[in-house]
Amino acid sequence: MYALWPTDGEPIEVTDAELERLYDYPPELTTPWVQANMVSSADGAATVDGRSAGLSHPADKKVFALGRDLADVVLVGAGTAKAERYAGIKPRELRTARRQARGLSPLPPIAVVTDRCSLSPDDPLVADTTVPPIVLTCSAAPADRRDALSEAGADVVVVGEDSVDLPAVVRHLGERGLYRIDCEGGPRLLGGMLAADLIDQLCLTVSPILAGPGADRIVTGPACAPRSLHLVSVLSADGFLMLRYRRA
Ligand SMILES: NC(=O)c1ccc[n+]([C@@H]2O[C@H](COP(=O)([O-])OP(=O)(O)OC[C@H]3O[C@@H](n4cnc5c(N)ncnc54)[C@H](OP(=O)(O)O)[C@@H]3O)[C@@H](O)[C@H]2O)c1
């Protein structure tokens, strides 16, 4: 993987240590800071055959893993948790070393946003994890579903009445000291996060693929005001671009 920008001119090979330095969260956070981690085809599709895997590359996977490794919590929509068969985050040597070096908890919990509390206690996110998932739902969600998830060990939190209140979600995570928030999408959750102006950084991999029409973009949902970003780094590997933008 090479850094194309910023450099002194020539592309620079990026070591794992440099990648960590580039992609680390801002130091000494005292309030929540949200990074979104997404992949898109060159023509803007967020999926190929209903999954993001067809757009990925080992370099993109490295950036994706780093987002998790350096986070206090991973935030995801229920649609993605189901489509991508999310389970709890597992320990691995590099993850443990990175987290120990920064004084982070051994593993970040996955926080899943769901209006309808549509997860099932059998889903791997609930059943196959060492850290209980945080289920962020609303009072309109059926009480029996909330209770079933609580009984299965999930940490169920009601944040909103008719629908999940995303600014309240971010505040709630901050109250727990979970400031480094890695949002892995999907498009509908990201649309809501964008509408509420909650995105501080976008890590976007652009895959050299023309996926054709049909798939969602990386955001979907009601229209909202455009937000300006500034580009902070550009990495490349085999024609894939790993772009990092911050709130302008
Ligand atoms: N290209 C990428 O980087 C990328 C990343 C992630 C996912 N994906 C793909 O995207 C697809 C899933 O898309 P998606 O848009 O359905 O996923 P999503 O945003 O992960 O999930 C949508 C679901 O999350 C809950 N939700 C999301 N936003 C909410 C909000 N503002 N308030 C309350 N609940 C909210 C709702 O759950 P309930 O229905 O349970 O209420 C909603 O149905 C999959 O095919 C996945 O592979 C691609």
# chains A, B, ... in the order shown; residues from 1 in each chain; ligands from 1

$ residues_around --residues "stretch 190-206 of chain A" --least-positions-apart "6" --cutoff "9 Å" --atoms "only C-alpha atoms" --output "ChimeraX atom specification"
/A:23,33-42,44,55-56,60,63-64,67,76-77,166-167,170,183-184,218-227,229,239-248

$ residues_near_ligand --ligand "ligand 1" --cutoff "6 Å" --atoms "only C-alpha atoms and all ligand atoms" --output "number ranges by chain"
A: 38-40, 46-47, 50-52, 76-80, 83-84, 113-118, 163-164, 184-189, 192, 218

$ closest_residue --among "A:Ala65, A:Glu28, A:Val126, A:His230" --to "A:Gly103" --atoms "only C-alpha atoms"
A:Glu28

$ atom_distance --atom1 "atom CA of A:Ala45" --atom2 "atom CA of A:Pro11"
27.7 Å

$ select_by_dssp --residues "stretch 11-139 of chain A" --states "helix (DSSP H, G or I)" --output "PDB file with C-alpha atoms, in the first residue's frame"
ATOM      1  CA  ASP A  16       1.588  -0.839   9.495  1.00  0.00           C
ATOM      2  CA  ALA A  17       2.914   1.668  12.062  1.00  0.00           C
ATOM      3  CA  GLU A  18       2.352   4.570   9.656  1.00  0.00           C
ATOM      4  CA  LEU A  19      -1.127   3.286   8.846  1.00  0.00           C
ATOM      5  CA  GLU A  20      -1.943   3.268  12.572  1.00  0.00           C
ATOM      6  CA  ARG A  21      -0.594   6.790  12.957  1.00  0.00           C
ATOM      7  CA  LEU A  22      -2.663   8.051  10.008  1.00  0.00           C
ATOM      8  CA  TYR A  23      -5.884   6.316  11.010  1.00  0.00           C
ATOM      9  CA  ALA A  53     -17.324  -8.023   0.011  1.00  0.00           C
ATOM     10  CA  GLY A  54     -17.227  -7.834  -3.808  1.00  0.00           C
ATOM     11  CA  LEU A  55     -15.876  -4.280  -3.554  1.00  0.00           C
ATOM     12  CA  PRO A  58      -6.847  -6.695   1.461  1.00  0.00           C
ATOM     13  CA  ALA A  59      -5.779  -3.040   1.852  1.00  0.00           C
ATOM     14  CA  ASP A  60      -9.415  -2.006   2.458  1.00  0.00           C
ATOM     15  CA  LYS A  61      -9.753  -4.856   4.965  1.00  0.00           C
ATOM     16  CA  LYS A  62      -6.664  -3.553   6.787  1.00  0.00           C
ATOM     17  CA  VAL A  63      -8.225  -0.102   7.109  1.00  0.00           C
ATOM     18  CA  PHE A  64     -11.544  -1.645   8.172  1.00  0.00           C
ATOM     19  CA  ALA A  65      -9.828  -3.768  10.848  1.00  0.00           C
ATOM     20  CA  LEU A  66      -7.849  -0.765  12.060  1.00  0.00           C
ATOM     21  CA  GLY A  67     -11.085   1.205  12.478  1.00  0.00           C
ATOM     22  CA  ARG A  68     -12.297  -1.537  14.847  1.00  0.00           C
ATOM     23  CA  ASP A  69      -8.970  -2.050  16.584  1.00  0.00           C
ATOM     24  CA  ALA A  78     -29.448  -3.711  11.932  1.00  0.00           C
ATOM     25  CA  GLY A  79     -29.631  -4.182   8.131  1.00  0.00           C
ATOM     26  CA  THR A  80     -25.857  -4.506   7.853  1.00  0.00           C
ATOM     27  CA  ALA A  81     -25.558  -6.655  10.979  1.00  0.00           C
ATOM     28  CA  LYS A  82     -27.987  -9.106   9.358  1.00  0.00           C
ATOM     29  CA  ALA A  83     -26.768  -8.930   5.727  1.00  0.00           C
ATOM     30  CA  GLU A  93      -2.784 -10.734  18.418  1.00  0.00           C
ATOM     31  CA  LEU A  94      -2.449  -7.422  16.550  1.00  0.00           C
ATOM     32  CA  ARG A  95      -5.804  -6.152  17.848  1.00  0.00           C
ATOM     33  CA  THR A  96      -4.839  -6.919  21.437  1.00  0.00           C
ATOM     34  CA  ALA A  97      -1.433  -5.252  21.045  1.00  0.00           C
ATOM     35  CA  ARG A  98      -2.930  -2.119  19.495  1.00  0.00           C
ATOM     36  CA  ARG A  99      -5.581  -1.841  22.183  1.00  0.00           C
ATOM     37  CA  GLN A 100      -3.186  -2.483  25.059  1.00  0.00           C
ATOM     38  CA  ALA A 101      -0.770   0.145  23.714  1.00  0.00           C
ATOM     39  CA  ARG A 102      -3.578   2.728  23.844  1.00  0.00           C
ATOM     40  CA  PRO A 124     -24.422 -14.287  15.997  1.00  0.00           C
ATOM     41  CA  LEU A 125     -24.144 -10.679  17.147  1.00  0.00           C
ATOM     42  CA  VAL A 126     -25.918 -11.765  20.348  1.00  0.00           C
ATOM     43  CA  ALA A 127     -25.068 -15.464  20.541  1.00  0.00           C
TER      44      ALA A 127
END

$ atom_distance --atom1 "atom CA of A:Cys138" --atom2 "atom CA of A:Gly160"
4.8 Å

$ select_by_dssp --residues "stretch 25-212 of chain A" --states "strand (DSSP E or B)" --output "PyMOL selection string"
chain A and resi 33-41+48+51+73-77+110-113+134-137+155-158+180-183+201-207

$ closest_residue --among "A:Ile209, A:Leu173, A:Leu136, A:Val158" --to "A:Asp72" --atoms "only C-alpha atoms"
A:Leu173

$ atom_distance --atom1 "atom CA of A:Val159" --atom2 "atom CA of A:Ala71"
21.4 Å
